[in-house]
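Structure data follow from structure33.tsv (TSV, C-alpha atoms):
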```tsv
chain	number	residue	atom	x	y	z
A	1	MET	CA	0.00	0.00	0.00
A	2	ASN	CA	1.46	3.35	-0.99
A	3	ARG	CA	1.64	6.28	1.39
A	4	SER	CA	-1.31	8.20	-0.09
A	5	CYS	CA	-3.59	5.17	0.20
A	6	LEU	CA	-2.46	4.61	3.78
A	7	PHE	CA	-3.25	8.23	4.68
A	8	LEU	CA	-6.69	7.87	3.08
A	9	VAL	CA	-7.46	4.75	5.08
A	10	ILE	CA	-6.35	6.44	8.31
A	11	PHE	CA	-8.39	9.52	7.47
A	12	LEU	CA	-11.55	7.52	6.75
A	13	PHE	CA	-11.12	5.42	9.88
A	14	SER	CA	-10.57	8.50	12.04
A	15	THR	CA	-13.58	10.23	10.53
A	16	CYS	CA	-15.85	7.25	11.13
A	17	PHE	CA	-14.57	6.93	14.69
A	18	LEU	CA	-15.16	10.64	15.34
A	19	VAL	CA	-18.70	10.52	13.91
A	20	GLU	CA	-19.55	7.45	15.99
A	21	ALA	CA	-18.16	9.07	19.14
A	22	GLN	CA	-20.13	12.26	18.52
A	23	ASN	CA	-23.31	10.27	17.91
A	24	SER	CA	-22.77	8.28	21.11
A	25	LYS	CA	-22.27	11.50	23.06
A	26	CYS	CA	-25.47	12.91	21.58
A	27	LEU	CA	-27.46	9.81	22.52
A	28	ASP	CA	-26.06	9.92	26.05
A	29	GLN	CA	-27.26	13.50	26.29
A	30	ARG	CA	-30.66	12.46	24.96
A	31	LEU	CA	-30.97	10.03	27.86
A	32	LYS	CA	-29.86	12.64	30.39
A	33	ASP	CA	-32.42	15.09	29.00
A	34	VAL	CA	-35.39	12.74	29.27
A	35	LYS	CA	-34.35	11.40	32.69
A	36	SER	CA	-34.07	14.94	34.06
A	37	ARG	CA	-37.32	15.92	32.30
A	38	ARG	CA	-35.58	18.70	30.37
A	39	VAL	CA	-37.19	17.02	27.36
A	40	PRO	CA	-40.62	15.31	27.75
A	41	LEU	CA	-41.08	11.62	27.00
A	42	ARG	CA	-41.66	10.78	23.36
A	43	GLY	CA	-42.08	7.14	22.54
A	44	GLY	CA	-44.10	3.98	22.13
A	45	ASN	CA	-45.29	1.14	24.32
A	46	LEU	CA	-43.68	-2.25	23.78
A	47	GLY	CA	-47.08	-3.83	24.28
A	48	SER	CA	-47.49	-7.62	23.96
A	49	TRP	CA	-43.77	-8.33	24.22
A	50	PHE	CA	-43.93	-9.69	27.77
A	51	ILE	CA	-47.64	-9.33	28.57
A	52	GLN	CA	-49.41	-10.69	25.52
A	53	GLU	CA	-52.81	-9.44	24.36
A	54	GLY	CA	-54.79	-11.58	21.94
A	55	TRP	CA	-56.09	-8.73	19.76
A	56	MET	CA	-52.49	-7.74	19.04
A	57	VAL	CA	-50.65	-11.06	18.76
A	58	SER	CA	-53.49	-13.46	18.01
A	59	TRP	CA	-51.12	-15.82	16.19
A	60	LEU	CA	-49.79	-17.02	19.55
A	61	TRP	CA	-53.25	-18.43	20.24
A	62	ASP	CA	-54.39	-19.30	16.71
A	63	ASN	CA	-51.20	-21.13	15.68
A	64	ASN	CA	-51.21	-23.25	18.80
A	65	GLY	CA	-54.83	-24.38	19.09
A	66	CYS	CA	-55.69	-21.99	21.93
A	67	ASN	CA	-59.00	-20.15	22.02
A	68	GLN	CA	-58.72	-16.53	23.13
A	69	GLY	CA	-62.15	-16.61	24.72
A	70	THR	CA	-61.24	-19.60	26.85
A	71	TYR	CA	-57.66	-18.57	27.57
A	72	PRO	CA	-57.52	-14.74	27.61
A	73	GLY	CA	-54.25	-13.11	28.61
A	74	SER	CA	-50.70	-14.36	28.82
A	75	TYR	CA	-51.03	-16.51	31.96
A	76	LEU	CA	-53.88	-18.61	30.59
A	77	LEU	CA	-52.18	-18.76	27.19
A	78	GLU	CA	-49.19	-20.38	28.90
A	79	GLN	CA	-51.51	-22.86	30.62
A	80	CYS	CA	-53.06	-23.77	27.28
A	81	LEU	CA	-49.66	-24.21	25.65
A	82	GLY	CA	-48.56	-26.62	28.35
A	83	SER	CA	-45.27	-28.33	27.47
A	84	ARG	CA	-44.95	-26.14	24.37
A	85	ALA	CA	-45.04	-22.91	26.35
A	86	GLN	CA	-41.30	-22.45	26.78
A	87	SER	CA	-40.44	-22.86	23.11
A	88	VAL	CA	-43.37	-20.71	21.93
A	89	MET	CA	-42.59	-17.90	24.37
A	90	GLN	CA	-38.85	-17.96	23.72
A	91	LYS	CA	-39.47	-17.58	20.00
A	92	HIS	CA	-41.86	-14.70	20.66
A	93	TRP	CA	-39.57	-12.86	23.10
A	94	SER	CA	-36.58	-13.17	20.79
A	95	THR	CA	-38.33	-11.93	17.64
A	96	PHE	CA	-41.21	-9.60	18.54
A	97	VAL	CA	-38.90	-6.75	19.59
A	98	THR	CA	-35.21	-6.64	18.62
A	99	GLU	CA	-32.34	-4.17	18.76
A	100	ASP	CA	-33.37	-2.99	15.31
A	101	ASP	CA	-36.57	-1.56	16.82
A	102	PHE	CA	-34.49	0.54	19.20
A	103	ARG	CA	-32.27	1.70	16.36
A	104	ILE	CA	-35.31	2.79	14.33
A	105	MET	CA	-36.85	4.53	17.34
A	106	SER	CA	-33.61	6.39	17.95
A	107	GLN	CA	-33.30	7.47	14.32
A	108	ASN	CA	-36.86	8.79	14.50
A	109	ASN	CA	-35.97	11.01	17.48
A	110	LEU	CA	-37.81	9.06	20.15
A	111	ASN	CA	-36.35	9.01	23.64
A	112	ALA	CA	-38.45	6.53	25.64
A	113	VAL	CA	-40.39	3.29	25.68
A	114	ARG	CA	-42.95	2.12	28.18
A	115	LEU	CA	-42.31	-1.55	28.88
A	116	PRO	CA	-45.26	-3.59	30.22
A	117	ILE	CA	-44.14	-6.37	32.56
A	118	GLY	CA	-45.55	-8.75	35.16
A	119	TRP	CA	-44.77	-9.14	38.85
A	120	TRP	CA	-43.23	-12.60	38.38
A	121	GLN	CA	-40.56	-12.08	35.71
A	122	ILE	CA	-38.04	-10.57	38.13
A	123	TYR	CA	-37.91	-13.98	39.86
A	124	ASP	CA	-36.30	-15.68	36.88
A	125	THR	CA	-33.08	-15.38	38.89
A	126	TYR	CA	-34.52	-18.09	41.17
A	127	GLY	CA	-35.77	-20.25	38.34
A	128	GLY	CA	-39.21	-18.66	38.51
A	129	ALA	CA	-41.64	-17.30	41.09
A	130	ALA	CA	-42.62	-20.84	42.10
A	131	ASN	CA	-39.06	-21.42	43.36
A	132	ALA	CA	-38.42	-17.97	44.83
A	133	PRO	CA	-38.37	-17.18	48.58
A	134	LEU	CA	-41.38	-14.87	48.37
A	135	LYS	CA	-42.31	-12.88	51.46
A	136	GLN	CA	-46.01	-13.16	50.64
A	137	TYR	CA	-48.31	-16.07	49.94
A	138	VAL	CA	-49.73	-15.50	46.47
A	139	ASP	CA	-51.26	-17.70	43.84
A	140	PRO	CA	-50.66	-18.58	41.01
A	141	LYS	CA	-46.88	-18.73	40.71
A	142	ASN	CA	-46.44	-21.19	37.83
A	143	TYR	CA	-45.43	-18.70	35.15
A	144	GLN	CA	-42.97	-19.40	32.35
A	145	THR	CA	-39.40	-18.27	32.91
A	146	GLY	CA	-36.97	-16.64	30.51
A	147	ALA	CA	-38.40	-13.16	29.94
A	148	LEU	CA	-35.98	-11.41	32.30
A	149	ALA	CA	-33.06	-12.02	29.94
A	150	TYR	CA	-34.91	-10.05	27.25
A	151	ILE	CA	-35.86	-7.28	29.69
A	152	ASP	CA	-32.11	-7.04	30.35
A	153	LYS	CA	-31.57	-6.69	26.59
A	154	ALA	CA	-34.08	-3.84	26.44
A	155	PHE	CA	-31.96	-1.89	28.93
A	156	GLU	CA	-28.78	-2.66	26.97
A	157	TRP	CA	-30.35	-1.51	23.72
A	158	GLY	CA	-31.85	1.53	25.40
A	159	SER	CA	-28.45	2.60	26.70
A	160	LYS	CA	-26.87	2.12	23.28
A	161	TRP	CA	-29.57	3.97	21.31
A	162	GLY	CA	-30.57	6.73	23.73
A	163	ILE	CA	-33.96	5.26	24.66
A	164	GLY	CA	-35.10	5.49	28.28
A	165	ILE	CA	-36.95	2.49	29.70
A	166	LEU	CA	-40.08	3.19	31.74
A	167	LEU	CA	-41.06	-0.09	33.37
A	168	ASP	CA	-44.82	-0.54	33.62
A	169	MET	CA	-46.50	-2.91	36.08
A	170	HIS	CA	-49.14	-4.14	33.66
A	171	ALA	CA	-49.77	-7.45	35.42
A	172	PRO	CA	-49.62	-7.25	39.23
A	173	CYS	CA	-50.60	-9.99	41.66
A	174	GLY	CA	-54.32	-10.66	41.54
A	175	SER	CA	-55.22	-8.41	38.58
A	176	GLN	CA	-56.21	-4.78	39.00
A	177	ASN	CA	-59.06	-4.87	36.44
A	178	GLY	CA	-59.78	-8.46	35.40
A	179	ASN	CA	-58.92	-7.69	31.77
A	180	ASP	CA	-56.71	-9.84	29.55
A	181	HIS	CA	-53.89	-7.30	29.56
A	182	SER	CA	-53.46	-7.92	33.31
A	183	ALA	CA	-52.70	-11.61	32.70
A	184	PRO	CA	-55.53	-12.76	35.00
A	185	SER	CA	-55.83	-16.30	36.25
A	186	ASN	CA	-59.55	-15.71	36.82
A	187	PRO	CA	-60.68	-13.29	34.09
A	188	GLY	CA	-63.30	-10.69	34.91
A	189	ASN	CA	-62.37	-10.53	38.59
A	190	ILE	CA	-60.26	-8.07	40.56
A	191	TYR	CA	-58.24	-9.65	43.36
A	192	PHE	CA	-55.42	-7.11	43.62
A	193	ASP	CA	-57.09	-5.35	46.55
A	194	LYS	CA	-58.99	-8.29	48.01
A	195	TYR	CA	-55.98	-9.90	49.70
A	196	PRO	CA	-53.21	-7.83	51.36
A	197	ALA	CA	-50.57	-10.18	49.98
A	198	ASN	CA	-51.27	-9.07	46.40
A	199	PRO	CA	-50.31	-5.38	46.63
A	200	ALA	CA	-47.54	-6.33	49.07
A	201	GLN	CA	-46.01	-8.82	46.63
A	202	THR	CA	-46.36	-6.38	43.73
A	203	ALA	CA	-44.45	-3.77	45.74
A	204	ASP	CA	-41.79	-6.40	46.56
A	205	SER	CA	-41.39	-7.09	42.85
A	206	ILE	CA	-41.12	-3.38	42.02
A	207	GLU	CA	-38.34	-3.07	44.58
A	208	LEU	CA	-36.43	-5.97	43.02
A	209	TYR	CA	-36.85	-4.61	39.50
A	210	THR	CA	-35.60	-1.21	40.63
A	211	GLN	CA	-32.67	-2.75	42.45
A	212	ARG	CA	-31.71	-4.62	39.28
A	213	TYR	CA	-31.99	-1.70	36.86
A	214	ALA	CA	-31.56	1.55	38.82
A	215	ASN	CA	-27.91	1.87	37.84
A	216	LYS	CA	-28.56	1.26	34.15
A	217	THR	CA	-28.15	4.48	32.17
A	218	SER	CA	-31.41	3.77	30.35
A	219	PHE	CA	-33.51	3.30	33.50
A	220	LEU	CA	-36.15	6.01	33.38
A	221	GLY	CA	-38.55	4.96	36.10
A	222	PHE	CA	-41.63	2.92	36.96
A	223	CYS	CA	-45.34	3.06	36.21
A	224	LEU	CA	-46.62	1.53	39.43
A	225	LEU	CA	-49.86	0.10	38.01
A	226	ASN	CA	-51.63	0.10	34.67
A	227	GLU	CA	-55.34	0.93	34.34
A	228	PRO	CA	-56.76	0.00	37.75
A	229	GLY	CA	-60.48	-0.44	38.12
A	230	ASN	CA	-63.39	-1.98	36.26
A	231	THR	CA	-67.06	-1.35	37.02
A	232	ALA	CA	-67.90	-4.64	35.28
A	233	SER	CA	-65.75	-6.71	37.64
A	234	LYS	CA	-67.62	-9.79	38.80
A	235	ASN	CA	-66.36	-9.48	42.37
A	236	GLY	CA	-66.54	-5.73	42.86
A	237	GLN	CA	-64.64	-2.56	42.01
A	238	ILE	CA	-61.10	-1.95	43.22
A	239	ASN	CA	-60.78	-0.20	46.58
A	240	SER	CA	-59.31	3.26	45.92
A	241	ASP	CA	-57.92	3.65	49.44
A	242	ILE	CA	-55.95	0.42	49.08
A	243	LEU	CA	-54.81	1.55	45.64
A	244	ARG	CA	-53.45	4.85	46.96
A	245	ARG	CA	-51.70	3.17	49.90
A	246	TYR	CA	-50.09	0.79	47.43
A	247	TYR	CA	-48.82	3.74	45.37
A	248	GLN	CA	-47.21	5.27	48.44
A	249	THR	CA	-45.62	1.96	49.44
A	250	ALA	CA	-44.32	1.26	45.93
A	251	TYR	CA	-42.92	4.79	45.70
A	252	THR	CA	-40.80	4.20	48.81
A	253	ARG	CA	-39.54	0.92	47.29
A	254	VAL	CA	-38.38	2.71	44.14
A	255	ARG	CA	-36.74	5.46	46.20
A	256	LYS	CA	-34.65	2.89	48.11
A	257	TYR	CA	-32.54	2.52	44.97
A	258	SER	CA	-33.19	5.67	42.96
A	259	ARG	CA	-33.61	9.18	44.33
A	260	ASP	CA	-34.89	10.71	41.10
A	261	ALA	CA	-36.36	8.02	38.83
A	262	LEU	CA	-39.78	8.87	37.45
A	263	VAL	CA	-42.67	7.33	39.38
A	264	VAL	CA	-45.95	7.23	37.47
A	265	ILE	CA	-49.36	6.67	39.05
A	266	ASN	CA	-52.59	5.91	37.19
A	267	PRO	CA	-56.06	6.93	38.45
A	268	LEU	CA	-59.02	4.65	37.80
A	269	ILE	CA	-59.56	3.82	34.16
A	270	ASN	CA	-63.13	2.58	34.63
A	271	PRO	CA	-64.91	4.70	35.61
A	272	PHE	CA	-62.53	7.11	33.94
A	273	GLU	CA	-60.83	9.54	36.30
A	274	SER	CA	-59.09	12.63	34.95
A	275	GLY	CA	-56.64	13.31	37.77
A	276	THR	CA	-58.51	16.51	38.63
A	277	GLU	CA	-60.48	14.87	41.43
A	278	ASP	CA	-59.59	16.23	44.88
A	279	TYR	CA	-58.14	12.92	46.07
A	280	TRP	CA	-55.76	12.82	43.07
A	281	LYS	CA	-54.79	16.45	42.72
A	282	ASN	CA	-53.79	16.54	46.41
A	283	PHE	CA	-52.03	13.16	46.39
A	284	MET	CA	-48.26	12.47	46.36
A	285	ASN	CA	-47.27	16.03	45.56
A	286	PRO	CA	-43.98	17.88	46.09
A	287	PRO	CA	-42.04	18.51	48.20
A	288	GLN	CA	-42.70	15.27	50.08
A	289	TYR	CA	-42.77	13.32	46.82
A	290	ASN	CA	-40.53	14.10	43.86
A	291	ASN	CA	-40.73	13.22	40.19
A	292	VAL	CA	-44.22	11.74	40.46
A	293	LEU	CA	-46.17	11.91	37.20
A	294	MET	CA	-49.83	11.16	36.59
A	295	SER	CA	-50.71	8.77	33.79
A	296	LEU	CA	-53.74	9.48	31.60
A	297	HIS	CA	-54.92	7.23	28.76
A	298	PHE	CA	-56.77	9.12	26.03
A	299	TYR	CA	-58.48	7.06	23.33
A	300	HIS	CA	-61.10	8.10	20.80
A	301	ILE	CA	-62.82	4.77	20.20
A	302	TRP	CA	-64.66	3.68	23.33
A	303	GLY	CA	-67.38	6.13	24.17
A	304	PHE	CA	-67.08	7.74	20.75
A	305	GLU	CA	-69.16	5.22	18.82
A	306	GLY	CA	-71.28	6.83	16.11
A	307	LYS	CA	-69.24	10.04	16.07
A	308	SER	CA	-67.79	11.24	12.76
A	309	ASP	CA	-64.10	11.82	12.14
A	310	ASP	CA	-64.75	15.57	12.01
A	311	TRP	CA	-66.49	15.43	15.37
A	312	LYS	CA	-63.61	13.51	16.95
A	313	ILE	CA	-60.98	15.84	15.51
A	314	ASN	CA	-62.92	18.80	16.84
A	315	TYR	CA	-63.13	17.08	20.24
A	316	ILE	CA	-59.37	16.59	20.27
A	317	ASN	CA	-58.67	20.17	19.17
A	318	ASN	CA	-60.96	21.68	21.77
A	319	ASP	CA	-62.11	19.36	24.55
A	320	ARG	CA	-58.88	17.43	24.97
A	321	VAL	CA	-56.82	20.61	24.89
A	322	GLY	CA	-59.14	22.09	27.50
A	323	GLN	CA	-58.95	18.99	29.71
A	324	ILE	CA	-55.16	19.08	29.67
A	325	ARG	CA	-55.12	22.81	30.38
A	326	TRP	CA	-57.49	22.38	33.35
A	327	TYR	CA	-55.44	19.49	34.72
A	328	ASN	CA	-52.29	21.63	34.58
A	329	GLN	CA	-54.04	24.32	36.58
A	330	VAL	CA	-55.20	22.10	39.45
A	331	ASN	CA	-52.76	19.16	39.68
A	332	PRO	CA	-49.04	19.88	40.25
A	333	LYS	CA	-47.96	16.45	39.04
A	334	PRO	CA	-46.87	16.48	35.38
A	335	MET	CA	-49.31	14.70	33.08
A	336	LEU	CA	-47.96	11.79	31.06
A	337	ILE	CA	-50.25	10.55	28.27
A	338	ASP	CA	-48.74	7.09	28.17
A	339	GLU	CA	-51.46	5.37	26.14
A	340	TRP	CA	-53.21	6.70	23.04
A	341	SER	CA	-53.61	5.63	19.42
A	342	ASN	CA	-54.89	6.73	16.04
A	343	SER	CA	-57.66	4.17	16.12
A	344	GLY	CA	-61.23	5.40	15.73
A	345	ILE	CA	-60.34	7.98	13.07
A	346	SER	CA	-60.12	6.77	9.49
A	347	ASP	CA	-57.37	9.18	8.39
A	348	GLY	CA	-54.33	8.20	10.45
A	349	GLY	CA	-52.32	11.25	9.48
A	350	ARG	CA	-55.10	13.61	10.46
A	351	ALA	CA	-55.57	11.80	13.78
A	352	MET	CA	-51.84	11.91	14.46
A	353	ARG	CA	-51.46	15.62	13.74
A	354	ALA	CA	-54.42	16.60	15.91
A	355	GLN	CA	-53.31	14.49	18.85
A	356	LEU	CA	-49.67	15.52	18.74
A	357	ASN	CA	-50.77	19.13	18.78
A	358	ALA	CA	-53.06	18.51	21.77
A	359	TRP	CA	-50.49	16.44	23.66
A	360	ARG	CA	-48.02	19.34	23.66
A	361	GLY	CA	-49.81	20.55	26.77
A	362	ALA	CA	-48.92	17.37	28.69
A	363	THR	CA	-45.72	18.42	30.40
A	364	GLY	CA	-44.68	14.84	31.15
A	365	GLY	CA	-44.86	13.84	27.50
A	366	TRP	CA	-46.54	11.08	25.51
A	367	VAL	CA	-46.06	7.39	24.80
A	368	MET	CA	-48.26	5.86	22.09
A	369	TRP	CA	-49.87	2.42	22.28
A	370	ALA	CA	-48.09	0.71	20.75
A	371	TRP	CA	-44.77	0.67	18.90
A	372	SER	CA	-44.89	-2.62	16.99
A	373	LYS	CA	-46.95	-3.49	13.94
A	374	THR	CA	-49.46	-6.13	15.04
A	375	ASN	CA	-52.84	-7.56	14.14
A	376	GLY	CA	-54.31	-4.45	15.72
A	377	GLY	CA	-53.53	-2.59	12.49
A	378	ASN	CA	-51.54	0.50	11.59
A	379	SER	CA	-53.67	2.83	13.71
A	380	TRP	CA	-52.23	1.11	16.79
A	381	SER	CA	-48.57	1.31	15.76
A	382	LEU	CA	-46.16	4.23	16.11
A	383	ARG	CA	-43.72	2.44	13.83
A	384	ALA	CA	-46.42	2.29	11.16
A	385	ALA	CA	-47.14	5.99	11.71
A	386	PHE	CA	-43.53	6.80	10.82
A	387	ASP	CA	-43.54	4.40	7.87
A	388	ASN	CA	-46.75	5.95	6.52
A	389	GLY	CA	-45.52	9.51	6.94
A	390	TRP	CA	-48.19	10.38	9.52
A	391	VAL	CA	-45.40	11.72	11.73
A	392	THR	CA	-41.76	12.62	11.08
A	393	ARG	CA	-38.72	12.75	13.33
A	394	ASP	CA	-38.83	16.53	13.30
A	395	GLN	CA	-42.24	16.49	15.00
A	396	THR	CA	-41.18	14.73	18.20
A	397	GLY	CA	-39.38	17.73	19.69
A	398	VAL	CA	-36.38	15.55	20.54
A	399	PRO	CA	-33.08	16.99	19.18
A	400	ASN	CA	-31.43	15.17	16.28
A	401	CYS	CA	-28.39	12.94	16.80
```
Since I need it in another form, could you write the structure as structure tokens?
Amino acid sequence: MNRSCLFLVIFLFSTCFLVEAQNSKCLDQRLKDVKSRRVPLRGGNLGSWFIQEGWMVSWLWDNNGCNQGTYPGSYLLEQCLGSRAQSVMQKHWSTFVTEDDFRIMSQNNLNAVRLPIGWWQIYDTYGGAANAPLKQYVDPKNYQTGALAYIDKAFEWGSKWGIGILLDMHAPCGSQNGNDHSAPSNPGNIYFDKYPANPAQTADSIELYTQRYANKTSFLGFCLLNEPGNTASKNGQINSDILRRYYQTAYTRVRKYSRDALVVINPLINPFESGTEDYWKNFMNPPQYNNVLMSLHFYHIWGFEGKSDDWKINYINNDRVGQIRWYNQVNPKPMLIDEWSNSGISDGGRAMRAQLNAWRGATGGWVMWAWSKTNGGNSWSLRAAFDNGWVTRDQTGVPNC
């Protein structure tokens, strides 16, 4: 190799190294910005990766002879799969979300994911919850093992690509709403508040998750419970006093290992509570509590049946904007809209533009349900929204890297 060629190779190598180093520094800053709340959350939910929902990933049921009506939710799916459960779930965990998803999110100027999990997966270190030295007596405990290794990967990929991980307790002990997305063992019933061991064990799990991930650069925080409450529960509505005590207990567990991680609380989803009720606007506020956000889920399907697209867009532009403005006036906790979609409005681009404009008032940010393309269709996928041009990287408000 002559001298000029050698200099060219060195120059190209040095340039590539410098660009990669600058990009890494930018992504590190992106994480610092979202963790400190200098930049609001912008991202998607990794729904159905670890807590499977039949309407999204129906192939897990259909391809394995399992009826969704008989076996709703991930726990009963595993029971139906029987001896096949480990191989089916391992294939799903290893393929449904990969590092490439994090790379694409990063390139589209997203800075966060909300990661739905269950109380039991942290006990993979013991060979599963059934083998773990639990402090509470809870049932069932016979969940499949292996998911924790992929949760670990999510934190690795998040650190590499500048994506903060907001863990979300989607499936606590006993189910908080009886719905399939809570992985119930007895669908339609709420047992979370009926036995003291259930919220106690869920808080124990949150502590262990936080202990494991608090020092990861991509650890953003914890949603303490997803969508509590259901007026249609066969055994009665969730007890709000027990729910609020659980939030306070779980907060202290997170704070044992992280002084400033985000802690997100969710008011009742059914009946829908807006966070402007006295018992929420005066609950877990500064200075006694820090970095507590309130989760609100805004959809335009349920309760909007029979309404035209124009009517819904007008509702978003006016009513939703007004609801967010009123919340900001009466509740000091930042609002995080951590579930929403384009479903219910036929023009996905129009739905996206209206909602992104409205969500600017939510000081905590937004996280769409969901990220992945699934059987739910494009209106339920942030990745599809980017692919279809309904949103661009310049609209997230997250600086380029």
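Nearest residue to Asp168 in chain A, choosing from A:Thr202, A:Asn375, A:Ser87, A:Thr252 and counting only C-alpha atoms: A:Thr202.
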As AutoDock Vina command-line options, please: the centre and edge lengths in Å, to one decimal, of an axis-aligned box enclosing every listed atom of range 31-42 of chain A with 5 Å added on each side.
```
--center_x -35.8 --center_y 14.4 --center_z 28.7 --size_x 21.8 --size_y 18.7 --size_z 20.7
```
Non-local contacts of range 305-313 of chain A (7 Å; all atoms listed in the file; under 2 positions in same chain excluded) as a PDB file with C-alpha atoms, in the coordinates of the input:
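Just written: out_23.pdb:
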```pdb
ATOM      1  CA  ILE A 301     -62.820   4.770  20.200  1.00  0.00           C
ATOM      2  CA  TRP A 302     -64.660   3.680  23.330  1.00  0.00           C
ATOM      3  CA  GLY A 303     -67.380   6.130  24.170  1.00  0.00           C
ATOM      4  CA  TYR A 315     -63.130  17.080  20.240  1.00  0.00           C
ATOM      5  CA  ILE A 316     -59.370  16.590  20.270  1.00  0.00           C
ATOM      6  CA  ASN A 317     -58.670  20.170  19.170  1.00  0.00           C
ATOM      7  CA  ILE A 345     -60.340   7.980  13.070  1.00  0.00           C
ATOM      8  CA  SER A 346     -60.120   6.770   9.490  1.00  0.00           C
ATOM      9  CA  ALA A 351     -55.570  11.800  13.780  1.00  0.00           C
ATOM     10  CA  ALA A 354     -54.420  16.600  15.910  1.00  0.00           C
TER      11      ALA A 354
END
```
Got a sec to check which residues sit within 7 Å of (-49.0, 17.7, 32.9), counting all atoms listed in the file, and write them as a PyMOL selection string?
chain A and resi 327-328+333-336+361-364
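Shortest atom-to-atom contact with Tyr137 in chain A among A:Gln68, A:Ser182, A:Gln201, A:Ser343: A:Gln201, counting all atoms listed in the file.
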Residues near Trp390 in chain A, anyone? I mean within 12 Å using all atoms listed in the file, not counting same-chain ones fewer than 5 positions away, as a ChimeraX atom specification.
/A:342,347-356,378-379,381-385,395-396
Output as CSV one row per residue of range 193-241 of chain A within 10 Å of range 117-120 of chain A: the closest atom pair and its distance in Å to one decimal place, counting all atoms listed in the file, sorted by chain and residue number ascending.
```
residue,atom,partner,partner_atom,distance
A:Asn198,CA,A:Trp119,CA,10.0
A:Gln201,CA,A:Trp119,CA,7.9
A:Thr202,CA,A:Trp119,CA,5.8
A:Ala203,CA,A:Trp119,CA,8.7
A:Asp204,CA,A:Trp119,CA,8.7
A:Ser205,CA,A:Trp119,CA,5.6
A:Ile206,CA,A:Trp119,CA,7.5
A:Leu208,CA,A:Trp119,CA,9.8
A:Tyr209,CA,A:Trp119,CA,9.1
```
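For the atom pair formed by CA of Ile190 in chain A and CA of Ile265 in chain A, the distance is 18.4 Å, given to one decimal.
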Expected file content for range 347-357 of chain A, N, CA, C and O atoms, as a PDB file, in the first residue's frame:
```
ATOM      1  N   ASP A 347     -58.576   8.585   8.964  1.00  0.00           N
ATOM      2  CA  ASP A 347     -57.367   9.183   8.394  1.00  0.00           C
ATOM      3  C   ASP A 347     -56.295   9.232   9.475  1.00  0.00           C
ATOM      4  O   ASP A 347     -56.319  10.086  10.361  1.00  0.00           O
ATOM      5  N   GLY A 348     -55.339   8.285   9.410  1.00  0.00           N
ATOM      6  CA  GLY A 348     -54.325   8.197  10.451  1.00  0.00           C
ATOM      7  C   GLY A 348     -53.470   9.443  10.570  1.00  0.00           C
ATOM      8  O   GLY A 348     -53.115   9.861  11.681  1.00  0.00           O
ATOM      9  N   GLY A 349     -53.136  10.045   9.445  1.00  0.00           N
ATOM     10  CA  GLY A 349     -52.321  11.249   9.482  1.00  0.00           C
ATOM     11  C   GLY A 349     -53.034  12.401  10.153  1.00  0.00           C
ATOM     12  O   GLY A 349     -52.450  13.147  10.954  1.00  0.00           O
ATOM     13  N   ARG A 350     -54.308  12.538   9.856  1.00  0.00           N
ATOM     14  CA  ARG A 350     -55.098  13.606  10.458  1.00  0.00           C
ATOM     15  C   ARG A 350     -55.234  13.383  11.968  1.00  0.00           C
ATOM     16  O   ARG A 350     -55.119  14.320  12.771  1.00  0.00           O
ATOM     17  N   ALA A 351     -55.469  12.127  12.362  1.00  0.00           N
ATOM     18  CA  ALA A 351     -55.567  11.797  13.779  1.00  0.00           C
ATOM     19  C   ALA A 351     -54.253  12.092  14.492  1.00  0.00           C
ATOM     20  O   ALA A 351     -54.241  12.653  15.598  1.00  0.00           O
ATOM     21  N   MET A 352     -53.156  11.726  13.858  1.00  0.00           N
ATOM     22  CA  MET A 352     -51.840  11.910  14.463  1.00  0.00           C
ATOM     23  C   MET A 352     -51.537  13.389  14.672  1.00  0.00           C
ATOM     24  O   MET A 352     -51.098  13.811  15.748  1.00  0.00           O
ATOM     25  N   ARG A 353     -51.770  14.186  13.654  1.00  0.00           N
ATOM     26  CA  ARG A 353     -51.460  15.615  13.743  1.00  0.00           C
ATOM     27  C   ARG A 353     -52.276  16.297  14.838  1.00  0.00           C
ATOM     28  O   ARG A 353     -51.749  17.097  15.615  1.00  0.00           O
ATOM     29  N   ALA A 354     -53.566  15.973  14.901  1.00  0.00           N
ATOM     30  CA  ALA A 354     -54.417  16.599  15.907  1.00  0.00           C
ATOM     31  C   ALA A 354     -53.977  16.216  17.318  1.00  0.00           C
ATOM     32  O   ALA A 354     -53.902  17.070  18.217  1.00  0.00           O
ATOM     33  N   GLN A 355     -53.678  14.939  17.515  1.00  0.00           N
ATOM     34  CA  GLN A 355     -53.312  14.489  18.855  1.00  0.00           C
ATOM     35  C   GLN A 355     -51.945  15.013  19.277  1.00  0.00           C
ATOM     36  O   GLN A 355     -51.765  15.455  20.418  1.00  0.00           O
ATOM     37  N   LEU A 356     -50.979  14.991  18.383  1.00  0.00           N
ATOM     38  CA  LEU A 356     -49.668  15.518  18.738  1.00  0.00           C
ATOM     39  C   LEU A 356     -49.751  16.991  19.115  1.00  0.00           C
ATOM     40  O   LEU A 356     -49.051  17.451  20.025  1.00  0.00           O
ATOM     41  N   ASN A 357     -50.597  17.720  18.437  1.00  0.00           N
ATOM     42  CA  ASN A 357     -50.774  19.126  18.777  1.00  0.00           C
ATOM     43  C   ASN A 357     -51.395  19.271  20.171  1.00  0.00           C
ATOM     44  O   ASN A 357     -50.966  20.107  20.980  1.00  0.00           O
TER      45      ASN A 357
END
```
